[in-house]
Structures are given as C-alpha cells and as structure tokens.
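Okay, structure first, notes after.
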Amino acid sequence: MAERIDLTFLGTGSAIPTARRNHPAMLLKYKAENILIDCGEGTQRQFRKAGLNPCKVTRILISHWHGDHVFGLPGILQTLILNGYNQRLEIYGPRGTKGWVRKYFDLVGRGIENLDVVVKEIGDEIVFDCDEYFVESKKLEHGCPSVGYSFIVREKMRLDREKLKKLKIPNSPLVGKLAKGESVEIDGKKIDGKKLLYKEAGRKVSFVMDTRFCENAVALAKGSDLLVCEATYSKEESKELFEKRAHLSSVEAASIAKKAKVKGLALVHLSQRYEAIPKVILEEAKEVFENVIIPEDLDGIEF
Ligand SMILES: [Zn+2]
Ligand SMILES: [Zn+2]
C-alpha cells in the first residue's frame with residue numbers, strides 16, 4: 001500500500017477573513033513530514049480545530065510575504081518555543097525571505113534563540129530532495145517576489161507481498177535483496193527479484209498561490225494529481241482590478257489546470273465578496289475544467 005498524502009485546508013480565504021474562510025494555510029502530511037504551506041493569521045487555531053498539532057511541523061513553505069499569507073507566523077513560532085520544539089525547522093520562501101524572517105523573529109523576541117531554524121530563499125529550483133519525495137518551486141508574478149510549490153513523490157518499484165506469500169518465501173535478509181530486484185537462491189531454487197516487483201505510481205500536488213496568469217504556473221502544475229490554485233475573483237470583475245491586484249480569476253485558474261493537464265483542481269483564496277456565492281467561482285471554472293472543487297476551511301483530501 002502506498003503511503004498516503006494528507007492535505008488539510010486550514011484556511012481558504014484571502015486578504016480579509018470571513019466567518020467561513022480564514023487566511024491561507026495548508027498542511028501536507030506525508031510520512032514524518034508535516035509541511036505547512038503559508039501561514040495566515042490564526043493558522044495555529046485552525047490546526048487545533050482540525051485536530052492537528054502545529055508542533056509537528058517540519059517545514060514551512062511561504063509563497064510570498066503579503067500579510068494574509070504570513071501573519072500567523074509569530075504565533076506559531078511562540079507556540080513552538082513554549083512547547084519546547086526540539087527539531088530543526090526549515091523555512092523556505094522567495095527572494096527577501098531571510099530579511100522577513102529576521103523581522104518576524106524580532107517580533108517574537110524572548111526564546112526565539114532557542115529554535116533551530118534554517119531559512120532558504122528559493123526561485124526556480126528543487127527546494128529539497130529526500131530521494132523518495134521532493135519539493136520543487138517556480139517563480140510566479142504577483143508584483144512582489146512570489147513562488148509556487150510542487151510536492152512530488154517519485155514513482156517506485158515495490159515488492160509484491162502477495163507473490164512472496166504464494167512462493168512461501170520466509171522473512172529473511174534475502175527479502176531485502178529481492179526488494180532491490182536482485183536474484184537470490186532459496187532452498188536450491190533461484191528466484192528473480194525483478195519478477196516480484198511492481199511499479200507504484202508517483203504522485204504530485206502543486207500549490208499556485210497569489211499570481212497573475214503566467215506560464216511558470218502551468219509548468220509547475222504540469223501533470224499534477226491535484227492543483228491547489230488561487231482564484232480570487234470572478235471573471236466578470238474589471239480588468240483594472242486584475243491589473244492592480246495581480247490575481248487569478250476562476251477561469252484563469254481553470255485554464256492553468258487544463259493546460260497543465262492536472263487530474264483535479266481545488267480553488268482557494270476566494271475574495272470575501274463571494275462569501276455567500278462561492279458557486280459563482282465554481283460554475284465559471286467548470287466551464288473550462290470539469291474536475292474542480294472549492295474546499296471549505298478544515299476540509300481534507302487524501303491520495
Ligand atoms: Zn493573498
Ligand atoms: Zn498576495
């Protein structure tokens with residue numbers, strides 16, 4: 001069985017929170033990794049509401065430093081200090097992130113020196129690579145340094161336990177060799193490990209937060225199982241608004257999904273003006289890309 005990716009939408013709103021939607025934040029869990037993507041104000045409370053523990057966070061990926069995506073950072077950092085967080089915390093973000101992190105550390109003040117934090121500024125690159133999985137980033141266009149992220153689990157050859165059972169192969173170090181596709185001899189019989197392996201498909205989830213439509217967003221999302229994408233406004237809003245705010249419309253987000261040939265699309269970062277009518281955004285997007293949802297705060301997806 002493949003290890004699950006668990007994604008929780010901690011906040012699905014945008015600049016101004018509403019009764020239903022907090023500021024942007026998502027938690028991606030995979031094995032021991034707990035990766036927080038953006039950290040809007042009140043995110044640690046959202047963790048608690050979702051039954052999740054902010055002290056398990058291993059890495060924080062910041063899309064950009066607009067307040068709605070980062071005002072929750074000092075609070076989470078203080079909680080980590082109070083709870084004796086004792087692992088290394090890695091924070092990634094676009095150009096300028098080191099300066100911003102220093103400012104936020106100053107805000108937190110006492111105890112921040114006890115946290116073991118590594119900060120890395122990234123652009124178009126592999127953010128980190130743990131062999132089995134990695135994170136990639138690409139620069140987006142939002143009037144300030146801004147990046148999107150993809151979390152990718154690589155395709156893998158796995159040992160078919162059912163076939164092992166049928167061949168009555170006992171548990172021993174030889175099984176480890178079979179798992180590597182090597183041939184071994186058991187009770188005088190030669191067994192070819194390669195014949196006991198099967199291919200487990202890779203998986204990819206991409207996060208395109210604040211940006212105007214750009215080819216980098218399409219390139220980043222290419223072939224994703226799930227694209228989480230901002231869709232701040234309806235396509236009916238004025239051209240001036242899109243130019244001024246550098247955000248995506250429902251239809252632009254859907255066309256990124258279509259061009260990138262993703263399997264599913266989740267739209268987030270909805271403006272407060274659609275609080276009562278998120279369907280407007282959904283219906284517009286559906287005209288371009290069928291498999292689309294608008295998650296609510298604390299909704300989860302696993303795959
Ligand atoms: Zn935003
Ligand atoms: Zn922004």
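Ordering of the structure tokens sets the chain letters (A, B, ...); residue numbers start at 1 within each chain; ligands are numbered from 1 in the order shown.
Near ligand 1, at distances of 7 Å or less and with only C-alpha atoms and all ligand atoms counted, sit the residues Ser14, Ala15, His66, Asp68, His69, Asp210 and His269 of chain A.
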* Asked: Within 12 Å of ligand 2, counting only C-alpha atoms and all ligand atoms: which residues, as a PyMOL selection string?
  -> chain A and resi 13-16+23-24+38+40+62-70+140-147+208-212+230-232+244-248+269+271
* Contacts of Ile293 (chain A) at 9 Å or less, counting only C-alpha atoms, minus same-chain residues fewer than 6 places along, as an MDAnalysis selection string? -> chainID A and resid 264:267 282
Preceding selection exported with all heavy atoms as an mmCIF file, in the first residue's frame:
```
data_model
loop_
_atom_site.group_PDB
_atom_site.id
_atom_site.type_symbol
_atom_site.label_atom_id
_atom_site.label_comp_id
_atom_site.auth_asym_id
_atom_site.auth_seq_id
_atom_site.Cartn_x
_atom_site.Cartn_y
_atom_site.Cartn_z
ATOM 1 N N GLY A 264 -7.040 16.978 -10.922
ATOM 2 C CA GLY A 264 -8.066 17.659 -10.133
ATOM 3 C C GLY A 264 -7.607 19.050 -9.744
ATOM 4 O O GLY A 264 -6.402 19.320 -9.664
ATOM 5 N N LEU A 265 -8.580 19.912 -9.517
ATOM 6 C CA LEU A 265 -8.286 21.314 -9.192
ATOM 7 C C LEU A 265 -9.059 21.718 -7.940
ATOM 8 O O LEU A 265 -10.263 21.470 -7.843
ATOM 9 C CB LEU A 265 -8.699 22.199 -10.378
ATOM 10 C CG LEU A 265 -8.662 23.706 -10.189
ATOM 11 C CD1 LEU A 265 -7.232 24.203 -9.982
ATOM 12 C CD2 LEU A 265 -9.270 24.412 -11.410
ATOM 13 N N ALA A 266 -8.370 22.330 -6.981
ATOM 14 C CA ALA A 266 -9.030 22.875 -5.786
ATOM 15 C C ALA A 266 -8.773 24.375 -5.764
ATOM 16 O O ALA A 266 -7.617 24.810 -5.785
ATOM 17 C CB ALA A 266 -8.467 22.223 -4.525
ATOM 18 N N LEU A 267 -9.845 25.142 -5.758
ATOM 19 C CA LEU A 267 -9.706 26.596 -5.790
ATOM 20 C C LEU A 267 -9.774 27.174 -4.377
ATOM 21 O O LEU A 267 -10.677 26.846 -3.604
ATOM 22 C CB LEU A 267 -10.815 27.207 -6.652
ATOM 23 C CG LEU A 267 -10.828 26.767 -8.121
ATOM 24 C CD1 LEU A 267 -12.013 27.386 -8.860
ATOM 25 C CD2 LEU A 267 -9.516 27.152 -8.802
ATOM 26 N N LEU A 282 -17.135 28.582 -8.815
ATOM 27 C CA LEU A 282 -17.118 27.161 -9.200
ATOM 28 C C LEU A 282 -17.701 26.955 -10.602
ATOM 29 O O LEU A 282 -17.109 26.270 -11.437
ATOM 30 C CB LEU A 282 -17.911 26.344 -8.168
ATOM 31 C CG LEU A 282 -17.822 24.838 -8.328
ATOM 32 C CD1 LEU A 282 -16.417 24.346 -7.972
ATOM 33 C CD2 LEU A 282 -18.843 24.117 -7.471
#
```
* Quick one: everything within 7 Å of Tyr85 (chain A), counting only C-alpha atoms, minus sequence neighbours fewer than 4 positions away in the same chain. Send it as a PyMOL selection string. => chain A and resi 55+80-81
* **All strand (DSSP E or B) positions in region 89-140 of chain A, as JSON, numbers by chain** => {"A": [89, 90, 91, 92, 93, 117, 118, 119, 120, 121, 125, 126, 127, 128, 129, 133, 134, 135, 136, 137, 138, 139]}
* To do: Measuring atom to atom with only C-alpha atoms, identify which of A:Ala217, A:Val119, A:Ile186, A:Val153 is nearest to Glu3 (chain A).
  =>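 The closest residue to Glu3 (chain A) is A:Val153.
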* Asked: Which residues come within 12 Å of Gln78 (chain A), counting only C-alpha atoms, excluding same-chain residues fewer than 2 positions away, as a list in words?
  ->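 So the residues in contact are Gln44, Pro54, Cys55, Gly72, Leu73, Pro74, Gly75, Ile76, Leu80, Ile81, Leu82, Asn83, Gly84, Tyr85, Tyr104, Phe105, Asp106, Leu107, Val108, Gly109, Arg110, Gly111, Ile112, Glu113, Asn114 and Leu115 of chain A.
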Restrict the selected residues to N, CA, C and O atoms and save them as a JSON list (two decimals), in the first residue's frame.
```json
[["chain", "number", "residue", "atom", "x", "y", "z"],
["A", 44, "GLN", "N", -2.62, 28.77, 13.70],
["A", 44, "GLN", "CA", -2.43, 27.76, 14.73],
["A", 44, "GLN", "C", -3.76, 27.36, 15.39],
["A", 44, "GLN", "O", -3.93, 26.24, 15.84],
["A", 54, "PRO", "N", 0.44, 21.89, 15.69],
["A", 54, "PRO", "CA", 1.42, 22.72, 14.98],
["A", 54, "PRO", "C", 2.87, 22.36, 15.33],
["A", 54, "PRO", "O", 3.78, 22.65, 14.55],
["A", 55, "CYS", "N", 3.07, 21.72, 16.48],
["A", 55, "CYS", "CA", 4.44, 21.39, 16.89],
["A", 55, "CYS", "C", 5.02, 20.23, 16.07],
["A", 55, "CYS", "O", 6.18, 19.88, 16.23],
["A", 72, "GLY", "N", 0.38, 34.71, 10.61],
["A", 72, "GLY", "CA", 0.25, 33.67, 11.65],
["A", 72, "GLY", "C", 1.59, 33.14, 12.13],
["A", 72, "GLY", "O", 1.64, 32.36, 13.09],
["A", 73, "LEU", "N", 2.67, 33.58, 11.47],
["A", 73, "LEU", "CA", 3.99, 33.03, 11.81],
["A", 73, "LEU", "C", 4.43, 33.30, 13.25],
["A", 73, "LEU", "O", 4.85, 32.35, 13.94],
["A", 74, "PRO", "N", 4.38, 34.58, 13.72],
["A", 74, "PRO", "CA", 4.86, 34.81, 15.09],
["A", 74, "PRO", "C", 4.14, 33.94, 16.12],
["A", 74, "PRO", "O", 4.76, 33.40, 17.03],
["A", 75, "GLY", "N", 2.84, 33.77, 15.94],
["A", 75, "GLY", "CA", 2.06, 32.96, 16.88],
["A", 75, "GLY", "C", 2.51, 31.51, 16.90],
["A", 75, "GLY", "O", 2.70, 30.92, 17.97],
["A", 76, "ILE", "N", 2.69, 30.95, 15.73],
["A", 76, "ILE", "CA", 3.14, 29.55, 15.67],
["A", 76, "ILE", "C", 4.54, 29.42, 16.25],
["A", 76, "ILE", "O", 4.82, 28.49, 17.02],
["A", 80, "LEU", "N", 5.75, 27.04, 19.36],
["A", 80, "LEU", "CA", 6.85, 26.07, 19.26],
["A", 80, "LEU", "C", 7.83, 26.27, 20.42],
["A", 80, "LEU", "O", 8.27, 25.30, 21.06],
["A", 81, "ILE", "N", 8.14, 27.54, 20.72],
["A", 81, "ILE", "CA", 9.07, 27.83, 21.81],
["A", 81, "ILE", "C", 8.48, 27.34, 23.14],
["A", 81, "ILE", "O", 9.13, 26.64, 23.92],
["A", 82, "LEU", "N", 7.21, 27.68, 23.39],
["A", 82, "LEU", "CA", 6.57, 27.31, 24.67],
["A", 82, "LEU", "C", 6.49, 25.80, 24.83],
["A", 82, "LEU", "O", 6.53, 25.28, 25.95],
["A", 83, "ASN", "N", 6.35, 25.10, 23.72],
["A", 83, "ASN", "CA", 6.21, 23.64, 23.81],
["A", 83, "ASN", "C", 7.55, 22.91, 23.68],
["A", 83, "ASN", "O", 7.56, 21.69, 23.53],
["A", 84, "GLY", "N", 8.65, 23.65, 23.70],
["A", 84, "GLY", "CA", 9.98, 23.01, 23.65],
["A", 84, "GLY", "C", 10.25, 22.27, 22.36],
["A", 84, "GLY", "O", 10.87, 21.21, 22.36],
["A", 85, "TYR", "N", 9.77, 22.83, 21.26],
["A", 85, "TYR", "CA", 10.02, 22.24, 19.91],
["A", 85, "TYR", "C", 11.51, 21.95, 19.78],
["A", 85, "TYR", "O", 12.34, 22.84, 19.96],
["A", 104, "TYR", "N", 10.26, 38.95, 11.71],
["A", 104, "TYR", "CA", 9.27, 38.18, 12.47],
["A", 104, "TYR", "C", 9.89, 37.59, 13.74],
["A", 104, "TYR", "O", 9.22, 37.50, 14.77],
["A", 105, "PHE", "N", 11.16, 37.22, 13.66],
["A", 105, "PHE", "CA", 11.85, 36.72, 14.86],
["A", 105, "PHE", "C", 11.94, 37.83, 15.91],
["A", 105, "PHE", "O", 11.77, 37.59, 17.10],
["A", 106, "ASP", "N", 12.22, 39.07, 15.44],
["A", 106, "ASP", "CA", 12.29, 40.20, 16.38],
["A", 106, "ASP", "C", 10.95, 40.39, 17.08],
["A", 106, "ASP", "O", 10.88, 40.71, 18.26],
["A", 107, "LEU", "N", 9.88, 40.21, 16.33],
["A", 107, "LEU", "CA", 8.54, 40.34, 16.91],
["A", 107, "LEU", "C", 8.32, 39.33, 18.03],
["A", 107, "LEU", "O", 7.74, 39.63, 19.06],
["A", 108, "VAL", "N", 8.79, 38.11, 17.80],
["A", 108, "VAL", "CA", 8.56, 37.04, 18.79],
["A", 108, "VAL", "C", 9.43, 37.30, 20.02],
["A", 108, "VAL", "O", 8.98, 37.15, 21.16],
["A", 109, "GLY", "N", 10.68, 37.73, 19.79],
["A", 109, "GLY", "CA", 11.55, 38.09, 20.92],
["A", 109, "GLY", "C", 12.01, 36.92, 21.74],
["A", 109, "GLY", "O", 12.50, 35.93, 21.21],
["A", 110, "ARG", "N", 11.76, 37.01, 23.05],
["A", 110, "ARG", "CA", 12.35, 36.06, 24.00],
["A", 110, "ARG", "C", 12.11, 34.59, 23.64],
["A", 110, "ARG", "O", 10.99, 34.20, 23.35],
["A", 111, "GLY", "N", 13.19, 33.83, 23.63],
["A", 111, "GLY", "CA", 13.07, 32.39, 23.39],
["A", 111, "GLY", "C", 13.33, 31.99, 21.96],
["A", 111, "GLY", "O", 13.60, 30.83, 21.67],
["A", 112, "ILE", "N", 13.28, 32.97, 21.04],
["A", 112, "ILE", "CA", 13.42, 32.63, 19.61],
["A", 112, "ILE", "C", 14.82, 32.06, 19.34],
["A", 112, "ILE", "O", 15.00, 31.22, 18.46],
["A", 113, "GLU", "N", 15.80, 32.49, 20.20],
["A", 113, "GLU", "CA", 17.17, 32.00, 20.02],
["A", 113, "GLU", "C", 17.28, 30.50, 20.29],
["A", 113, "GLU", "O", 18.24, 29.85, 19.89],
["A", 114, "ASN", "N", 16.27, 29.94, 20.95],
["A", 114, "ASN", "CA", 16.31, 28.50, 21.25],
["A", 114, "ASN", "C", 15.82, 27.64, 20.08],
["A", 114, "ASN", "O", 15.95, 26.42, 20.11],
["A", 115, "LEU", "N", 15.20, 28.28, 19.09],
["A", 115, "LEU", "CA", 14.71, 27.49, 17.95],
["A", 115, "LEU", "C", 15.84, 27.27, 16.95],
["A", 115, "LEU", "O", 16.60, 28.19, 16.64]]
```
